[in-house]
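Here the structure comes first, spelled out in structure tokens, and everything after it is commentary.
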Amino acid sequence: VAYLLLFSGPVNENLCQDTCEDVVEELTENTGHGQGRCFMKAVDCLAFAEKLICTVQVIFQQDRSEFTTEEEIHGHPEISTNQINFCKTRLLEFLEVSLLDSLVHLAQNLDFASSEGQYITLSKQITKIILRYRFGEILPMKVIHSLAVSLNKKADETGEFTSYALDLLINHSQFISTLLSSEPKLGNDPLFGKINEKEKISSSLSSILCLVNTPSSQHGMLQCSGGSSTNQVEVDIEIVDSTVKGTDSSDSIVKQKLEILRLLRLLFMLKTQNTGLGTLSVTTVNTRALLSLLLAAYGASLSVVDKEIFSLMRVIESTEGAGCVGLAGMDYVWGESAFKTRQSNSEEQHFAMSSVSVDQESNSELRKRQFQENLLLDPRRCGLTVLFFPSKRDIQIAMSGLAGCEEDVDNNFQQDLQWPCRSNSGERMLMDAPYDPAFILPFSLHTLSTGCIGAEDFVKMGLLAVAFASISSANEGMRKLGYEVLTKYLTVLEGGPSFKGQQQIKLLLIFVKNAITEPWQRLPFLFALFSAEASCILMNPASVHYSALNKYLLHRPAMDLESIPLFHTMFGSGSVSFHSDHLWMLRFLAFGLLSSQDAHVYRRCFVLEILMSFYNSRLADMHTREWVLQTFERASRIRSLSHYLVEHSGLLSWLASAALSHQPKFGESSSGLCFEIAIQALKVIVNVLSLKSIEHWFCVEGYEELSKVALLFHQFLVNDSRSDRERLNFTRPTLFILMVSFRLSRARKKFETHCSFSFKGLADILKYIELESRSETCVLGLAAILECPPPAATSHEERLLISRLGIWAVSVASQIPYYPSQFLVDIVPGNASNYKFSQKTLRSLMETVLRWLAASVIRGKLPNNLSEKQLATSWTLASSMKTSISDAVPEENGVNNELAKLLINLQNSIGGNGSLLSVVFAVALLMPSIGTYKSKGAMKVLSFPQELEELFELLLSEVSCPFEATLLWRWNPSSRLKEKNVHLDENALYELEVCQAFLVVCQRVLLAKGAKQLSCLVETLVLTLSNVDVNYQSSFSSSLISANVYQKLNLLKVKMYRTLCKS
């Protein structure tokens, strides 16, 4: 089928894809796809697998660049070559993904007991094909990954396949070039500049807190001081964005590296687990050369590729055991240094250093000299490691066992199509810039043990600061390693040569040591950061804060873990450098707030309340206010602290005031610091409202405050005199605040205060949504509007707005399944799950839009008082609500006509019966003003045919009233109306069939133009009812209708026929 579709001339893309979907679905059903077991015989499964592998190989061999020539499309001038090539390319990609998916599920569901050898042979075959044609690609490499895991689970002897795949992968011609392929890395030019070769060791980190000059992610500056405070280099983070965006292939390089490394780690772990691997792998895989290659490709950062490389190196070390040279034997030299060593020295000379016929002393000196020549440790990255320390990084994560490798395979195979691309923003790049402490701490311990780095250089390069930060880790293994480094450094410091600042560093170590009361105690990050910063300042006597810090250490025997160091000294400073003291302390407070342990100290010292008062004082300028808001941004990530500030300190109102009071003046550029402060305050508000645990308090006590803040931002966007461009950055946070306010309003009791918008408010929302062209804003705007209870559409203008809003909502909702998953997660902050939007989700969202529109129409015509008699049927209710034809306004006819068409078309496209009754009643209310035509430029109202009026009365009399007409109805977009069980309730099936018939008649009436076509419609209905029997399959049930429903529908058909035949 694939060949016929691909090579038989011009093809239709939709037809090809639908046909291939049917073929693949039928094939995979025979293999037990998704059922957990196989329904085919073993011989049939083998034959099917062989054919599948052959087909995949043929598809791999196709050249996607050139499929069709001009001769092939001769005679089809309406079709271009580009269209055909695009169609066939899409078809090949779909076939490739579907068949690879079938291979994965076939491997997972088959029983290998009877034909294990043949299955291993087939696995070798597909592995060789994939590595030959699709080396490094995500889905094909995933197939090899899945085959290895499945064989390991079900087959007895998997060593042969593991060895075969490992040899093919490592000896591949693209293996070395792919791993060594360059990608943008922080720490290289142009972000950090070029370090002078002569100053690699002598470069000093004078301050950690001053590395980041401003908390703004878009205008942040990285600073580096090389020995003195006057020699500073500032580089805008936007340089990082331009560097990354300038290389289009960087994402593909990362993907290829990651898939190769994951597969390589799995194969090495299988090698360790299976004893049947023998000596074949040992002789063919040179682990020394492989470790050298991995170190050359390693960047020692926290990027996903570098973490995978580090895990692989740990696995190789554990696999080879005591005989492996390991990272310590290579002196932990990584990156460009390892690459230079790999190029300059032969493999034997590099790894057999211990066997050289020289004495041990000269050998040690040679290694130390080579280490110092090749070392390219950047002190600035050590400082960033402290500031952005990964507290949950596990030192033993690489040795988590085979279950960690198998975890991804057990998930859905198709989720790899949604590649979690790294963000190109400067903030994300800063998060990947630090060194990996799981690597840098063993590196530090090794350098101290071998004497490659002295005690003075160890402090200047920031390694002691990283060791201080590690004792605040949540992982005990990381803390143990950090304490071991600190202990070793104190020994080296006491026994080594003296240097300037040695006594101060020793005093700092004892100061921290005396505060430790438990084995492997976890220090709050606040105090670990203070110790790290103090180690840098104490080596720089010219620093402004050197004197205050030295006095603080001399006046106390141990660190007080219940108060913030130097807080009152810096904030109460009356010196000439008081502004510098304030700024240093604000940076310290902003970066020191990381966990609930730090939050406890902040609450005990009333730090955040003092910062709120300082923010509004005359001592604060724009720069210090920005750091105050950055502190609150960090506080909003800690749940307990956010609760406390919102409930007891009025945080929400204070942030709203901060966001709106520091706006740029009219005509001033929106890119200034004032504008950044406003955006930062909005970000904190969004973070607070994203906490699910605080919603109960907002519903019970704080809803009035929340609703006032929401209306305040809404009024700002609507009534502010600034340009539209300046207000665009407020749109998305305001929409999110409104959405939360509407959603929490529904959780309150009916007699309590609620927040809802009239049609004017919704029109204003739609106006400033349409000003911004970003798709994520439209999706967030649709979510906010659907959370708002639908207002009653009573007038012509309101129904016109409803029609316009409905068309816009359908156009936005229809595009949601085509957005990337992570894109949809990012537009609603606080949602950490990578939710995949499917067609089922689209149907639910479309039904929500339909219910919202229908409810607005119904509530707009409901009378104030309704009796039980009026609520008997839909007709009794509609007859008391509808306007007579003589009273209809001619201008309303077109609006009602379009709105009724929109409701019917939405119901037909969605299907189901959850909202069918509401749609029928809403269309019935719009029908009296339908039936207009233009005559001599004037709009006139036609007299609606009496037969159709009586037909509508007959049909609506058989239908119950919608739930929207009752007093108990409240809008809730998240819970769909429960669909009626037509298999158990015959009355429900009858009612739904009547509703469907009503919509069919209304749809034909809407298409009629003029009185003549309406008369023809009546005649057509008469002929249809006289010729058609009712022995059909129901559109709502999978089986034929029952005898009772059959009789009732026949009786209704007779009544309809008599009603239309009166004339």
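Please note that chains go A, B, ... in the order of the structure tokens, that every chain numbers its residues from 1, and that ligands are numbered from 1 in the order shown.
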
Neighbours of A:Phe443 within 12 Å (only C-alpha atoms; same-chain residues fewer than 2 positions away dropped), as a PyMOL selection string?
-> chain A and resi 300+327-334+371+375+377+435-441+445-453+458+463-464+466-467+481-482+485

Give me every helix (DSSP H, G or I) residue in stretch 710-753 of chain A, going by DSSP on the backbone, as a ChimeraX atom specification.
-> /A:710-719,724-747

Atoms to include: N, CA and C atoms. Write the selected residues as an mmCIF file, in the first residue's frame.
```
data_model
loop_
_atom_site.group_PDB
_atom_site.id
_atom_site.type_symbol
_atom_site.label_atom_id
_atom_site.label_comp_id
_atom_site.auth_asym_id
_atom_site.auth_seq_id
_atom_site.Cartn_x
_atom_site.Cartn_y
_atom_site.Cartn_z
ATOM 1 N N ALA A 710 -7.711 41.986 40.605
ATOM 2 C CA ALA A 710 -8.024 41.611 39.222
ATOM 3 C C ALA A 710 -8.690 42.757 38.478
ATOM 4 N N LEU A 711 -9.656 43.397 39.113
ATOM 5 C CA LEU A 711 -10.344 44.518 38.459
ATOM 6 C C LEU A 711 -9.407 45.713 38.281
ATOM 7 N N LEU A 712 -8.473 45.869 39.205
ATOM 8 C CA LEU A 712 -7.526 46.976 39.103
ATOM 9 C C LEU A 712 -6.651 46.836 37.862
ATOM 10 N N PHE A 713 -6.130 45.647 37.637
ATOM 11 C CA PHE A 713 -5.306 45.435 36.445
ATOM 12 C C PHE A 713 -6.146 45.484 35.171
ATOM 13 N N HIS A 714 -7.375 45.013 35.260
ATOM 14 C CA HIS A 714 -8.244 45.084 34.077
ATOM 15 C C HIS A 714 -8.534 46.539 33.703
ATOM 16 N N GLN A 715 -8.817 47.353 34.694
ATOM 17 C CA GLN A 715 -9.074 48.767 34.417
ATOM 18 C C GLN A 715 -7.826 49.474 33.900
ATOM 19 N N PHE A 716 -6.674 49.027 34.365
ATOM 20 C CA PHE A 716 -5.435 49.624 33.865
ATOM 21 C C PHE A 716 -5.269 49.361 32.372
ATOM 22 N N LEU A 717 -5.534 48.142 31.948
ATOM 23 C CA LEU A 717 -5.386 47.822 30.531
ATOM 24 C C LEU A 717 -6.434 48.512 29.675
ATOM 25 N N VAL A 718 -7.613 48.737 30.243
ATOM 26 C CA VAL A 718 -8.706 49.323 29.450
ATOM 27 C C VAL A 718 -8.607 50.838 29.390
ATOM 28 N N ASN A 719 -8.313 51.473 30.516
ATOM 29 C CA ASN A 719 -8.431 52.932 30.610
ATOM 30 C C ASN A 719 -7.110 53.670 30.603
ATOM 31 N N ASP A 724 -0.568 51.069 23.150
ATOM 32 C CA ASP A 724 -0.893 49.642 23.205
ATOM 33 C C ASP A 724 0.361 48.804 23.375
ATOM 34 N N ARG A 725 1.443 49.234 22.786
ATOM 35 C CA ARG A 725 2.685 48.461 22.869
ATOM 36 C C ARG A 725 3.183 48.366 24.306
ATOM 37 N N GLU A 726 3.006 49.427 25.089
ATOM 38 C CA GLU A 726 3.484 49.429 26.465
ATOM 39 C C GLU A 726 2.628 48.549 27.366
ATOM 40 N N ARG A 727 1.386 48.290 26.954
ATOM 41 C CA ARG A 727 0.492 47.493 27.784
ATOM 42 C C ARG A 727 0.516 46.017 27.445
ATOM 43 N N LEU A 728 1.206 45.648 26.375
ATOM 44 C CA LEU A 728 1.170 44.255 25.943
ATOM 45 C C LEU A 728 1.760 43.313 26.986
ATOM 46 N N ASN A 729 2.819 43.747 27.689
ATOM 47 C CA ASN A 729 3.449 42.876 28.668
ATOM 48 C C ASN A 729 2.584 42.658 29.903
ATOM 49 N N PHE A 730 1.546 43.470 30.070
ATOM 50 C CA PHE A 730 0.615 43.277 31.182
ATOM 51 C C PHE A 730 -0.533 42.350 30.814
ATOM 52 N N THR A 731 -0.675 42.031 29.546
ATOM 53 C CA THR A 731 -1.858 41.314 29.102
ATOM 54 C C THR A 731 -1.924 39.910 29.683
ATOM 55 N N ARG A 732 -0.870 39.136 29.501
ATOM 56 C CA ARG A 732 -0.908 37.742 29.947
ATOM 57 C C ARG A 732 -1.026 37.611 31.467
ATOM 58 N N PRO A 733 -0.241 38.339 32.282
ATOM 59 C CA PRO A 733 -0.467 38.239 33.733
ATOM 60 C C PRO A 733 -1.873 38.658 34.158
ATOM 61 N N THR A 734 -2.408 39.707 33.520
ATOM 62 C CA THR A 734 -3.762 40.146 33.868
ATOM 63 C C THR A 734 -4.787 39.078 33.519
ATOM 64 N N LEU A 735 -4.645 38.442 32.364
ATOM 65 C CA LEU A 735 -5.569 37.373 31.984
ATOM 66 C C LEU A 735 -5.497 36.214 32.967
ATOM 67 N N PHE A 736 -4.296 35.894 33.424
ATOM 68 C CA PHE A 736 -4.164 34.805 34.389
ATOM 69 C C PHE A 736 -4.813 35.175 35.723
ATOM 70 N N ILE A 737 -4.640 36.406 36.171
ATOM 71 C CA ILE A 737 -5.267 36.844 37.425
ATOM 72 C C ILE A 737 -6.782 36.815 37.296
ATOM 73 N N LEU A 738 -7.312 37.271 36.160
ATOM 74 C CA LEU A 738 -8.760 37.223 35.940
ATOM 75 C C LEU A 738 -9.265 35.788 35.907
ATOM 76 N N MET A 739 -8.525 34.917 35.273
ATOM 77 C CA MET A 739 -8.939 33.513 35.187
ATOM 78 C C MET A 739 -9.025 32.882 36.574
ATOM 79 N N VAL A 740 -8.022 33.133 37.420
ATOM 80 C CA VAL A 740 -8.054 32.599 38.781
ATOM 81 C C VAL A 740 -9.203 33.206 39.567
ATOM 82 N N SER A 741 -9.436 34.487 39.389
ATOM 83 C CA SER A 741 -10.530 35.148 40.107
ATOM 84 C C SER A 741 -11.882 34.570 39.704
ATOM 85 N N PHE A 742 -12.104 34.363 38.426
ATOM 86 C CA PHE A 742 -13.370 33.761 37.969
ATOM 87 C C PHE A 742 -13.522 32.338 38.482
ATOM 88 N N ARG A 743 -12.433 31.581 38.468
ATOM 89 C CA ARG A 743 -12.512 30.177 38.884
ATOM 90 C C ARG A 743 -12.801 30.051 40.376
ATOM 91 N N LEU A 744 -12.147 30.875 41.188
ATOM 92 C CA LEU A 744 -12.397 30.817 42.626
ATOM 93 C C LEU A 744 -13.766 31.357 42.977
ATOM 94 N N SER A 745 -14.309 32.210 42.136
ATOM 95 C CA SER A 745 -15.652 32.734 42.393
ATOM 96 C C SER A 745 -16.700 31.626 42.372
ATOM 97 N N ARG A 746 -16.505 30.633 41.530
ATOM 98 C CA ARG A 746 -17.465 29.537 41.446
ATOM 99 C C ARG A 746 -17.446 28.663 42.693
ATOM 100 N N ALA A 747 -16.303 28.635 43.388
ATOM 101 C CA ALA A 747 -16.194 27.807 44.587
ATOM 102 C C ALA A 747 -16.860 28.441 45.795
#
```

Can you list, as a list in words, every protein, DNA or RNA residue that comes within 12 Å of A:Leu490 when you count only C-alpha atoms, leaving out same-chain residues fewer than 4 positions away?
-> Leu445, Leu448, Gly454, Ala455, Glu456, Phe458, Val459, Leu464, Ala467, Tyr483, Glu484, Val485, Leu486, Glu494, Gly495, Gly496, Gln502, Gln503, Ile505, Lys506, Leu507, Leu508, Leu509, Ile510, Val512 and Lys513 of chain A

For A:Trp969: contacts at 12 Å, only C-alpha atoms, fewer than 2 positions along chain excluded, given as a PyMOL selection string | chain A and resi 746+750+789-790+855+858-859+962-967+971-972+977

Export C-alpha atoms of the chosen residues as a CSV table (one decimal), in the first residue's frame?
```csv
chain,number,residue,atom,x,y,z
A,746,ARG,CA,-17.5,29.5,41.4
A,750,LYS,CA,-24.2,31.6,46.0
A,789,PRO,CA,-20.0,33.0,33.9
A,790,PRO,CA,-21.8,33.7,30.6
A,855,ALA,CA,-26.2,29.4,28.2
A,858,ILE,CA,-30.9,31.1,27.1
A,859,ARG,CA,-30.2,33.2,30.2
A,962,PRO,CA,-32.6,22.6,29.7
A,963,PHE,CA,-30.8,22.8,33.0
A,964,GLU,CA,-29.8,26.4,32.3
A,965,ALA,CA,-33.5,27.4,32.8
A,966,THR,CA,-33.6,26.3,36.4
A,967,LEU,CA,-32.6,28.2,39.5
A,971,TRP,CA,-21.7,27.9,35.3
A,972,ASN,CA,-18.8,25.4,35.6
A,977,LEU,CA,-22.8,17.7,31.5
```
